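> So that you have it, the file is work.csv, and it contains CSV, C-alpha atoms:
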chain,number,residue,atom,x,y,z
A,1,MET,CA,88.9,83.3,112.9
A,2,LEU,CA,86.6,80.4,113.6
A,3,GLY,CA,85.3,80.0,110.1
A,4,SER,CA,87.2,77.3,108.3
A,5,SER,CA,90.4,77.7,110.4
A,6,ILE,CA,89.2,76.3,113.7
A,7,LEU,CA,86.6,73.6,114.6
A,8,PRO,CA,85.8,73.6,118.4
A,9,LEU,CA,84.5,70.3,119.8
A,10,LEU,CA,84.9,71.0,123.5
A,11,PRO,CA,83.6,73.4,124.4
A,12,PRO,CA,81.6,73.7,121.2
A,13,THR,CA,80.8,77.4,121.5
A,14,ALA,CA,81.7,80.4,123.6
A,15,GLN,CA,78.3,80.2,125.3
A,16,ALA,CA,78.9,76.6,126.3
A,17,ALA,CA,82.4,77.3,127.7
A,18,GLU,CA,81.2,78.4,131.2
A,19,ASP,CA,78.5,75.8,131.7
A,20,TYR,CA,77.8,72.8,129.5
A,21,ASP,CA,76.4,69.3,129.6
A,22,PHE,CA,76.7,66.3,127.2
A,23,ASP,CA,73.6,67.5,125.3
A,24,GLN,CA,75.6,70.5,124.1
A,25,ILE,CA,78.6,68.4,122.9
A,26,ASP,CA,78.6,66.2,119.9
A,27,CYS,CA,80.0,63.2,121.7
A,28,VAL,CA,79.1,59.8,123.2
A,29,PRO,CA,80.2,59.3,126.9
A,30,THR,CA,80.6,55.6,127.8
A,31,GLY,CA,81.3,54.0,131.1
A,32,PRO,CA,80.5,54.3,134.8
A,33,GLU,CA,82.3,57.5,135.5
A,34,VAL,CA,82.2,60.1,132.7
A,35,ASN,CA,80.9,63.5,134.1
A,36,VAL,CA,81.1,67.2,133.7
A,37,VAL,CA,82.8,68.6,136.8
A,38,ASP,CA,84.2,72.0,137.9
A,39,ASP,CA,87.9,72.4,137.9
A,40,TYR,CA,89.1,75.1,140.3
A,41,GLU,CA,92.8,74.9,139.4
A,42,LEU,CA,92.0,75.6,135.8
A,43,ALA,CA,89.8,78.6,136.6
A,44,VAL,CA,92.7,80.5,138.2
A,45,ASN,CA,94.7,80.6,134.9
A,46,SER,CA,91.8,80.7,132.4
A,47,SER,CA,91.1,83.6,130.1
A,48,LEU,CA,87.5,83.1,131.1
A,49,GLY,CA,88.3,83.9,134.7
A,50,GLY,CA,86.1,81.9,137.0
A,51,GLY,CA,85.2,84.4,139.6
A,52,GLY,CA,86.0,81.9,142.4
A,53,ASN,CA,84.1,79.2,140.6
A,54,GLY,CA,85.6,76.2,138.8
A,55,LEU,CA,85.4,75.9,135.1
A,56,PRO,CA,83.5,72.9,133.6
A,57,VAL,CA,85.6,70.1,132.3
A,58,VAL,CA,84.8,66.5,131.2
A,59,GLU,CA,86.2,64.0,133.7
A,60,LEU,CA,86.8,60.3,133.0
A,61,MET,CA,87.7,58.0,135.8
A,62,GLY,CA,88.6,54.3,135.4
A,63,THR,CA,89.6,52.0,132.6
A,64,LYS,CA,86.1,51.4,131.5
A,65,SER,CA,85.3,55.1,130.9
A,66,LYS,CA,85.7,56.8,127.5
A,67,ILE,CA,84.3,59.6,125.5
A,68,SER,CA,84.1,59.7,121.7
A,69,PHE,CA,83.8,62.9,119.6
A,70,PHE,CA,82.7,62.7,116.0
A,71,THR,CA,83.7,65.0,113.2
A,72,ASN,CA,84.5,65.0,109.6
A,73,THR,CA,87.2,67.6,109.3
A,74,ASP,CA,90.3,68.1,107.1
A,75,LEU,CA,91.9,70.4,109.6
A,76,PRO,CA,95.3,68.8,110.4
A,77,HIS,CA,96.1,69.9,113.9
A,78,LEU,CA,94.2,68.3,116.8
A,79,VAL,CA,94.6,70.4,120.0
A,80,MET,CA,93.8,69.1,123.5
A,81,HIS,CA,94.0,70.5,127.0
A,82,ILE,CA,94.2,67.5,129.2
A,83,LYS,CA,95.0,66.6,132.7
A,84,THR,CA,95.9,63.0,133.7
A,85,MET,CA,94.7,61.7,137.0
A,86,SER,CA,97.9,59.7,137.7
A,87,ARG,CA,96.7,56.8,135.7
A,88,PHE,CA,96.7,55.6,132.1
A,89,VAL,CA,95.2,57.5,129.2
A,90,ILE,CA,94.6,56.4,125.6
A,91,ILE,CA,93.8,58.8,122.8
A,92,SER,CA,92.6,57.1,119.7
A,93,ILE,CA,92.2,59.1,116.5
A,94,SER,CA,90.3,57.5,113.5
A,95,LEU,CA,91.1,59.1,110.2
A,96,ARG,CA,91.3,58.6,106.4
A,97,ASP,CA,94.4,59.2,104.4
A,98,GLU,CA,94.7,60.6,100.8
A,99,GLN,CA,94.3,57.1,99.4
A,100,GLY,CA,90.9,56.6,101.1
A,101,LYS,CA,92.3,54.1,103.6
A,102,GLN,CA,91.1,54.1,107.2
A,103,ARG,CA,93.9,54.6,109.7
A,104,VAL,CA,94.1,54.8,113.5
A,105,LEU,CA,96.6,56.7,115.6
A,106,GLU,CA,96.6,55.4,119.1
A,107,MET,CA,98.6,57.3,121.8
A,108,SER,CA,99.0,56.1,125.3
A,109,ASN,CA,101.1,56.9,128.4
A,110,ALA,CA,101.0,53.1,129.1
A,111,LYS,CA,103.2,52.4,126.0
A,112,SER,CA,106.9,52.8,125.6
A,113,THR,CA,107.5,51.7,122.0
A,114,VAL,CA,106.1,52.6,118.6
A,115,ILE,CA,104.2,49.8,116.8
A,116,VAL,CA,103.0,50.3,113.2
A,117,ASP,CA,101.0,47.8,111.2
A,118,LYS,CA,99.0,48.3,108.0
A,119,SER,CA,96.4,50.6,109.4
A,120,VAL,CA,97.2,51.2,113.1
A,121,CYS,CA,100.0,53.2,114.7
A,122,SER,CA,100.5,52.9,118.4
A,123,LEU,CA,102.6,55.7,119.9
A,124,PRO,CA,103.9,56.3,123.5
A,125,LEU,CA,102.5,59.5,125.0
A,126,GLU,CA,104.4,61.3,127.8
A,127,LEU,CA,102.2,63.5,129.9
A,128,GLY,CA,103.4,65.5,132.9
A,129,GLU,CA,101.7,66.5,136.1
A,130,GLY,CA,98.9,69.0,135.9
A,131,TRP,CA,97.2,70.4,132.8
A,132,GLN,CA,99.0,69.7,129.5
A,133,TYR,CA,98.5,71.4,126.1
A,134,LEU,CA,98.9,69.0,123.2
A,135,ASN,CA,99.0,70.0,119.5
A,136,ILE,CA,99.0,66.8,117.5
A,137,ASP,CA,100.1,67.3,113.9
A,138,LEU,CA,98.0,64.7,112.1
A,139,GLU,CA,99.6,65.3,108.7
A,140,ARG,CA,103.1,64.7,110.1
A,141,LEU,CA,102.1,61.6,112.1
A,142,VAL,CA,100.2,60.0,109.2
A,143,PHE,CA,103.1,60.6,106.8
A,144,ASN,CA,105.7,59.3,109.3
A,145,ALA,CA,103.7,56.2,110.2
A,146,PHE,CA,102.1,55.2,106.9
A,147,GLY,CA,103.9,57.2,104.2
A,148,THR,CA,100.7,58.8,103.0
A,149,HIS,CA,99.0,62.1,103.6
A,150,PHE,CA,96.2,63.0,106.1
A,151,ALA,CA,92.8,63.7,104.5
A,152,GLN,CA,90.1,63.7,107.1
A,153,CYS,CA,89.5,62.9,110.8
A,154,SER,CA,86.3,61.1,111.7
A,155,GLU,CA,86.5,60.3,115.4
A,156,ILE,CA,88.6,61.0,118.6
A,157,THR,CA,88.1,58.7,121.6
A,158,VAL,CA,89.7,59.3,124.9
A,159,HIS,CA,89.9,56.3,127.4
A,160,GLY,CA,91.1,56.2,131.0
A,161,SER,CA,91.4,58.6,133.9
A,162,CYS,CA,91.8,62.2,132.9
A,163,ARG,CA,90.1,65.6,132.6
A,164,LEU,CA,89.5,67.4,129.2
A,165,SER,CA,89.1,71.1,129.1
A,166,LYS,CA,89.5,71.9,125.4
A,167,LEU,CA,89.4,69.8,122.2
A,168,PHE,CA,89.5,71.4,118.8
A,169,PHE,CA,91.0,71.2,115.3
A,170,GLN,CA,92.9,74.0,113.6
A,171,ARG,CA,94.3,74.6,110.1
A,172,GLN,CA,97.7,75.6,111.5
A,173,GLU,CA,99.4,76.0,114.8
A,174,TYR,CA,98.1,79.2,116.3
A,175,SER,CA,99.5,81.0,119.4
A,176,ASP,CA,97.1,81.1,122.4
A,177,VAL,CA,96.4,84.9,121.9
A,178,GLU,CA,95.3,84.2,118.3
A,179,LEU,CA,92.5,81.8,119.5
A,180,PRO,CA,89.0,82.9,120.4
A,181,PRO,CA,88.9,83.6,124.2
A,182,PHE,CA,86.9,80.4,125.0
A,183,LEU,CA,89.6,78.2,123.4
A,184,ARG,CA,92.6,79.9,125.1
A,185,VAL,CA,94.6,78.0,127.7
A,186,VAL,CA,96.4,80.8,129.4
A,187,GLY,CA,96.2,84.5,130.1
A,188,LYS,CA,93.4,86.8,130.9
A,189,GLU,CA,91.8,89.2,128.4
As structure tokens, what does this structure read like?


Amino acid sequence: MLGSSILPLLPPTAQAAEDYDFDQIDCVPTGPEVNVVDDYELAVNSSLGGGGNGLPVVELMGTKSKISFFTNTDLPHLVMHIKTMSRFVIISISLRDEQGKQRVLEMSNAKSTVIVDKSVCSLPLELGEGWQYLNIDLERLVFNAFGTHFAQCSEITVHGSCRLSKLFFQRQEYSDVELPPFLRVVGKE
């Protein structure tokens, strides 16, 4: 199914899912506290098991920490498995619409109102406790915010205090069982 239907960014491959470092990921970590750490809570529910070990995740701590992932994909669904660390998180998505205009969707749990100008849409983001699964429909958001159609995503940047386990694009919304095992969120094989 991977082919042209799914583009994994984190982890980038099944081999990297159990043990990775920043050299294996097409990203730029910035700030004092961006690290790969083991998450033991996640290992309990993972399709990869964990065997008593934690699963590697990217951890960002503090307002000056961020990580940027670069891509040029037309896949319209951005999927994230994210855990907030009881602090603010900002997800910034840079993209191009069908007219060739650069647009930015910025989602934050620090905002409570929607603000749209010519090229930037700021949206509130409600994240609960623990690990959260987000499937962000870029086509729908771009159309609702700017009245145009999504064409291509070039960058995703996550700021703040959180943990990231999965980050990938998909052509349509797939159920967890339809995904390759290393991208699944729940259930054992």

> Using all atoms listed in the file, which residues sit within 7 Å of range 89-94 of chain A once same-chain residues fewer than 3 positions away are excluded, as a PyMOL selection string?

chain A and resi 103-109+153-162

> List every residue of range 53-106 of chain A that has an atom at most 12 Å from any atom of range 31-43 of chain A, and for each one report the closest atom pair and its distance in Å to one decimal, counting all atoms listed in the file, with rows sorted by chain and then by increasing residue number, as a Markdown table.


| residue | atom | partner | partner_atom | distance |
| --- | --- | --- | --- | --- |
| A:Asn53 | CA | A:Tyr40 | CA | 6.5 |
| A:Gly54 | CA | A:Tyr40 | CA | 4.0 |
| A:Leu55 | CA | A:Asp38 | CA | 4.9 |
| A:Pro56 | CA | A:Asp38 | CA | 4.4 |
| A:Val57 | CA | A:Val37 | CA | 5.5 |
| A:Val58 | CA | A:Val36 | CA | 4.5 |
| A:Glu59 | CA | A:Asn35 | CA | 5.3 |
| A:Leu60 | CA | A:Val34 | CA | 4.6 |
| A:Met61 | CA | A:Glu33 | CA | 5.4 |
| A:Gly62 | CA | A:Glu33 | CA | 7.1 |
| A:Thr63 | CA | A:Gly31 | CA | 8.7 |
| A:Lys64 | CA | A:Gly31 | CA | 5.5 |
| A:Ser65 | CA | A:Gly31 | CA | 4.2 |
| A:Lys66 | CA | A:Gly31 | CA | 6.3 |
| A:Ile67 | CA | A:Val34 | CA | 7.5 |
| A:Ser68 | CA | A:Val34 | CA | 11.2 |
| A:His81 | CA | A:Leu42 | CA | 10.4 |
| A:Ile82 | CA | A:Leu42 | CA | 10.7 |
| A:Lys83 | CA | A:Leu42 | CA | 10.0 |

> Quick one: distance from CA of Gln152 in chain A to CA of Leu7 in chain A in Å, one decimal?

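Going from CA of Gln152 in chain A over to CA of Leu7 in chain A, I get 12.9 Å.
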
> Interatomic distance between CA of Ile136 in chain A and CA of Gln102 in chain A?

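The value is 18.2 Å.
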
> I'd like to know which of A:Asp26, A:Glu129, A:Glu139, A:Asp74 is closest to Phe169 in chain A, using only C-alpha atoms.

A:Asp74

> Quick one: pull the distance between CA of Leu179 in chain A and CA of Ile6 in chain A, Å, one decimal.

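Result for CA of Leu179 in chain A versus CA of Ile6 in chain A: 8.6 Å, one decimal.
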
> Show which residues sit within 10 Å of Ala110 in chain A, as a PDB file with C-alpha atoms, in the coordinates of the input. Count all atoms listed in the file, and ignore same-chain residues fewer than 3 positions away.


ATOM      1  CA  ARG A  87      96.700  56.800 135.700  1.00  0.00           C
ATOM      2  CA  PHE A  88      96.700  55.600 132.100  1.00  0.00           C
ATOM      3  CA  VAL A  89      95.200  57.500 129.200  1.00  0.00           C
ATOM      4  CA  ILE A  90      94.600  56.400 125.600  1.00  0.00           C
ATOM      5  CA  MET A 107      98.600  57.300 121.800  1.00  0.00           C
ATOM      6  CA  THR A 113     107.500  51.700 122.000  1.00  0.00           C
ATOM      7  CA  LEU A 123     102.600  55.700 119.900  1.00  0.00           C
ATOM      8  CA  PRO A 124     103.900  56.300 123.500  1.00  0.00           C
ATOM      9  CA  LEU A 125     102.500  59.500 125.000  1.00  0.00           C
ATOM     10  CA  GLU A 126     104.400  61.300 127.800  1.00  0.00           C
TER      11      GLU A 126
END

> Give me, as an MDAnalysis selection string, all polymer residues having an atom no more than 9 Å from range 140-151 of chain A, counting only C-alpha atoms and skipping those fewer than 6 positions away in the same chain.

chainID A and resid 73:76 95:100 103 105 116:121

> So, with all atoms listed in the file as the atoms that count, which of A:Ala14, A:Phe69, A:Thr84, A:Ile115 lies closest to Thr30 in chain A?

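Of all the options, A:Phe69 lies closest to Thr30 in chain A.
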
> How big is the axis-aligned box around all listed atoms of range 65-82 of chain A once 8 Å goes on each side, and where's its centre, in Å to one decimal, as lines of an AutoDock Vina configuration file?


center_x = 89.4
center_y = 62.8
center_z = 119.0
size_x = 29.4
size_y = 31.4
size_z = 39.8

> Could range 171-189 of chain A be completed with N, CA and C atoms and returned as a compact mmCIF listing (two decimals), keeping the file's coordinate frame?


# COMPACT_ATOMS: atom_id res chain seq x y z
N ARG A 171 93.62 74.72 111.43
CA ARG A 171 94.30 74.60 110.10
C ARG A 171 95.81 74.61 110.29
N GLN A 172 96.30 75.45 111.20
CA GLN A 172 97.70 75.60 111.50
C GLN A 172 97.91 75.76 112.96
N GLU A 173 99.13 75.76 113.41
CA GLU A 173 99.40 76.00 114.80
C GLU A 173 99.28 77.46 115.15
N TYR A 174 98.27 77.83 115.93
CA TYR A 174 98.10 79.20 116.30
C TYR A 174 98.63 79.43 117.73
N SER A 175 99.07 80.65 118.01
CA SER A 175 99.50 81.00 119.40
C SER A 175 98.17 81.15 120.19
N ASP A 176 98.29 81.06 121.49
CA ASP A 176 97.10 81.10 122.40
C ASP A 176 96.36 82.44 122.17
N VAL A 177 97.06 83.55 122.01
CA VAL A 177 96.40 84.90 121.90
C VAL A 177 95.65 84.97 120.55
N GLU A 178 95.98 84.17 119.55
CA GLU A 178 95.30 84.20 118.30
C GLU A 178 93.95 83.44 118.30
N LEU A 179 93.74 82.65 119.35
CA LEU A 179 92.50 81.80 119.50
C LEU A 179 91.37 82.66 120.03
N PRO A 180 90.14 82.25 119.76
CA PRO A 180 89.00 82.90 120.40
C PRO A 180 89.14 82.71 121.94
N PRO A 181 88.69 83.66 122.75
CA PRO A 181 88.90 83.60 124.20
C PRO A 181 88.43 82.25 124.83
N PHE A 182 87.35 81.65 124.36
CA PHE A 182 86.90 80.40 125.00
C PHE A 182 87.73 79.20 124.69
N LEU A 183 88.66 79.30 123.74
CA LEU A 183 89.60 78.20 123.40
C LEU A 183 90.99 78.45 123.98
N ARG A 184 91.23 79.60 124.54
CA ARG A 184 92.60 79.90 125.10
C ARG A 184 92.84 79.10 126.33
N VAL A 185 94.13 78.82 126.52
CA VAL A 185 94.60 78.00 127.70
C VAL A 185 95.09 78.95 128.78
N VAL A 186 95.82 79.98 128.41
CA VAL A 186 96.40 80.80 129.40
C VAL A 186 96.07 82.29 129.19
N GLY A 187 96.32 83.08 130.22
CA GLY A 187 96.20 84.50 130.10
C GLY A 187 94.77 85.04 130.21
N LYS A 188 94.68 86.18 130.81
CA LYS A 188 93.40 86.80 130.90
C LYS A 188 93.28 87.88 129.82
N GLU A 189 92.06 88.22 129.47
CA GLU A 189 91.80 89.20 128.40
C GLU A 189 92.14 90.60 128.97
